[in-house]
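Just below is one structure, and these are the notes that go with it.
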Amino acid sequence: NFAGGAVCNMEDGLILFDKIHDFISNSSAFVGGAIFNSSGTVILGDGANFVNNKADEFGGGIYNEEKGGILLVAKTKDILFDGNTANGISNAIYDDGGEIYLNASSDASVIFNDRIVSKDNTSVLNINAESPQSQQNGMIFSIDMPRTGKIVLNEDMSGYMGTVNLCGGRIQLGENGTLFGGNYNIKNYAVIDMINTTIQEHNFNKLTADYRFD
């Protein structure tokens, strides 16, 4: 496939996977080894495994563009990205001007063993945020999204240059993990949990009294 080895979603389309789904060893000759999303919305409602997918150019696991929305929700099952590549380089998600939601409960996590990359600073990454309630970036619905769990980063995320809204729960950095490269808005008792790592140059905006670094 040229775009989306397993799923190709375009022009305000809405695709919902309400149970755990496996995307394993899919491939694309251009972008989106497993999922290609342009101006639409793709929801993984409770767990997923993205393993060994590859794209020849961008988005080894997922390619998201043109104000498209990707919602990755771990309620009772983890969401795992592992072994995904684009142009031979570690890559879970490539975002070009879209919006991504990562939400986890206290019973499950969203785990990245591969990199998230953005084209520029126009992308938006929401961590444990409320569900979109109205039409915004093509999303016109509301779903039940947990907001207390952790997003585990075990790879270099400095290639993501968009805005990061950390609205609850925690970002947990593994030994080889780094923070995203963009600007941060942190609130709602959110935590950044670091193991044997340091904060490099980041701009943390709108810090409230209810966050901490562990």
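Each chain in the structure tokens gets a letter, A, B, ..., in the order shown, and its residues are numbered from 1; ligands are numbered from 1 in order too.
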
Selection: 8 Å around region 54-70 of chain A, only C-alpha atoms, excl. self and same-chain fewer than 5 positions, as a count of residues only: 41

7 Å contact set for Ser158 (chain A), only C-alpha atoms, chain neighbours under 3 positions out, as a ChimeraX atom specification: /A:178-181

Please write the residues from the selection above to a file, keeping N, CA and C atoms, as a PDB file, in the first residue's frame.
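selection-v8.pdb, freshly written:
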```
ATOM      1  N   THR A 178      13.634  10.233  26.389  1.00  0.00           N
ATOM      2  CA  THR A 178      13.814  11.676  26.539  1.00  0.00           C
ATOM      3  C   THR A 178      12.462  12.359  26.398  1.00  0.00           C
ATOM      4  N   LEU A 179      12.389  13.588  26.886  1.00  0.00           N
ATOM      5  CA  LEU A 179      11.159  14.360  26.765  1.00  0.00           C
ATOM      6  C   LEU A 179      10.932  14.803  25.328  1.00  0.00           C
ATOM      7  N   PHE A 180       9.681  15.141  25.032  1.00  0.00           N
ATOM      8  CA  PHE A 180       9.352  15.723  23.739  1.00  0.00           C
ATOM      9  C   PHE A 180      10.059  17.066  23.587  1.00  0.00           C
ATOM     10  N   GLY A 181      10.298  17.471  22.349  1.00  0.00           N
ATOM     11  CA  GLY A 181      11.077  18.677  22.110  1.00  0.00           C
ATOM     12  C   GLY A 181      10.289  19.968  22.111  1.00  0.00           C
TER      13      GLY A 181
END
```

Residue with smallest distance to Leu16 (chain A) - pool A:Ile143, A:Ala190, A:Ile116, A:Val110, counting only C-alpha atoms: A:Ile143

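Here CA of Asn113 (chain A) and CA of Leu173 (chain A) stand 10.8 Å from one another.
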
Counting only C-alpha atoms, the residue of A:Ile20, A:Cys8, A:Leu125, A:Ile111 that sits nearest Gly174 (chain A):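 With only C-alpha atoms as the atom set, the closest residue is A:Ile111.
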
In region 28-171 of chain A, DSSP strand (DSSP E or B) residues written as number ranges by chain: A: 28, 31, 35-38, 41-44, 48-51, 54-55, 58, 62-65, 69-74, 79-82, 85-86, 89-90, 93-96, 99-104, 109-112, 116-118, 124-127, 136, 139, 150-153, 163-166, 170-171

Contacts of region 105-108 of chain A at 7 Å (only C-alpha atoms; same-chain gap of 3+ positions) as a list in words: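 Answer for this query is Ala74, Lys75, Thr76, Lys77, Asp78, Pro146, Arg147, Thr148 and Gly149 of chain A.
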
Could you list, as an mmCIF file with N, CA, C and O atoms, in the first residue's frame, every residue within 10 Å of Gly177 (chain A), counting only C-alpha atoms and ignoring same-chain residues fewer than 3 positions away?
```
data_model
loop_
_atom_site.group_PDB
_atom_site.id
_atom_site.type_symbol
_atom_site.label_atom_id
_atom_site.label_comp_id
_atom_site.auth_asym_id
_atom_site.auth_seq_id
_atom_site.Cartn_x
_atom_site.Cartn_y
_atom_site.Cartn_z
ATOM 1 N N PHE A 112 5.737 3.601 24.621
ATOM 2 C CA PHE A 112 6.433 3.874 23.369
ATOM 3 C C PHE A 112 7.875 3.394 23.477
ATOM 4 O O PHE A 112 8.691 3.978 24.189
ATOM 5 N N ASN A 113 8.189 2.330 22.748
ATOM 6 C CA ASN A 113 9.567 1.908 22.557
ATOM 7 C C ASN A 113 10.127 2.447 21.252
ATOM 8 O O ASN A 113 11.271 2.132 20.893
ATOM 9 N N ASP A 114 9.312 3.230 20.536
ATOM 10 C CA ASP A 114 9.698 3.866 19.283
ATOM 11 C C ASP A 114 9.427 5.362 19.370
ATOM 12 O O ASP A 114 8.651 5.821 20.206
ATOM 13 N N ARG A 115 10.019 6.125 18.491
ATOM 14 C CA ARG A 115 9.980 7.582 18.544
ATOM 15 C C ARG A 115 8.671 8.158 18.003
ATOM 16 O O ARG A 115 8.053 7.601 17.090
ATOM 17 N N VAL A 152 4.532 5.975 28.927
ATOM 18 C CA VAL A 152 5.904 5.536 29.129
ATOM 19 C C VAL A 152 6.716 5.801 27.863
ATOM 20 O O VAL A 152 6.369 5.314 26.775
ATOM 21 N N LEU A 153 7.798 6.557 28.016
ATOM 22 C CA LEU A 153 8.660 6.913 26.888
ATOM 23 C C LEU A 153 10.008 6.228 27.051
ATOM 24 O O LEU A 153 10.789 6.586 27.940
ATOM 25 N N ASN A 154 10.286 5.265 26.204
ATOM 26 C CA ASN A 154 11.537 4.521 26.257
ATOM 27 C C ASN A 154 12.444 4.824 25.071
ATOM 28 O O ASN A 154 13.377 4.069 24.793
ATOM 29 N N GLU A 155 12.180 5.935 24.381
ATOM 30 C CA GLU A 155 12.982 6.306 23.207
ATOM 31 C C GLU A 155 13.191 7.818 23.198
ATOM 32 O O GLU A 155 12.641 8.561 24.016
ATOM 33 N N ASP A 156 13.972 8.275 22.246
ATOM 34 C CA ASP A 156 14.283 9.695 22.072
ATOM 35 C C ASP A 156 13.090 10.389 21.426
ATOM 36 O O ASP A 156 12.749 10.126 20.280
ATOM 37 N N MET A 157 12.439 11.298 22.165
ATOM 38 C CA MET A 157 11.264 12.000 21.667
ATOM 39 C C MET A 157 11.572 13.449 21.299
ATOM 40 O O MET A 157 10.653 14.248 21.076
ATOM 41 N N SER A 158 12.830 13.809 21.195
ATOM 42 C CA SER A 158 13.198 15.194 20.910
ATOM 43 C C SER A 158 12.782 15.648 19.518
ATOM 44 O O SER A 158 12.742 16.846 19.244
ATOM 45 N N GLN A 172 6.314 8.943 32.162
ATOM 46 C CA GLN A 172 7.407 8.190 32.793
ATOM 47 C C GLN A 172 8.505 7.960 31.766
ATOM 48 O O GLN A 172 8.279 7.343 30.727
ATOM 49 N N LEU A 173 9.687 8.466 32.061
ATOM 50 C CA LEU A 173 10.824 8.282 31.171
ATOM 51 C C LEU A 173 11.602 7.046 31.564
ATOM 52 O O LEU A 173 12.036 6.919 32.713
ATOM 53 N N GLY A 174 11.797 6.139 30.605
ATOM 54 C CA GLY A 174 12.669 5.003 30.825
ATOM 55 C C GLY A 174 14.123 5.426 30.736
ATOM 56 O O GLY A 174 14.446 6.595 30.487
ATOM 57 N N PHE A 180 9.681 15.141 25.032
ATOM 58 C CA PHE A 180 9.352 15.723 23.739
ATOM 59 C C PHE A 180 10.059 17.066 23.587
ATOM 60 O O PHE A 180 10.361 17.757 24.571
ATOM 61 N N MET A 194 11.268 10.745 36.035
ATOM 62 C CA MET A 194 12.490 10.523 35.274
ATOM 63 C C MET A 194 13.410 9.557 36.003
ATOM 64 O O MET A 194 13.559 9.622 37.220
ATOM 65 N N ILE A 195 14.045 8.656 35.242
ATOM 66 C CA ILE A 195 14.985 7.688 35.786
ATOM 67 C C ILE A 195 16.334 7.902 35.102
ATOM 68 O O ILE A 195 16.461 7.713 33.892
ATOM 69 N N ASN A 196 17.334 8.321 35.856
ATOM 70 C CA ASN A 196 18.695 8.480 35.329
ATOM 71 C C ASN A 196 18.746 9.330 34.072
ATOM 72 O O ASN A 196 19.385 8.991 33.085
ATOM 73 N N THR A 197 18.023 10.438 34.097
ATOM 74 C CA THR A 197 18.035 11.321 32.941
ATOM 75 C C THR A 197 17.993 12.754 33.423
ATOM 76 O O THR A 197 17.821 13.027 34.606
#
```
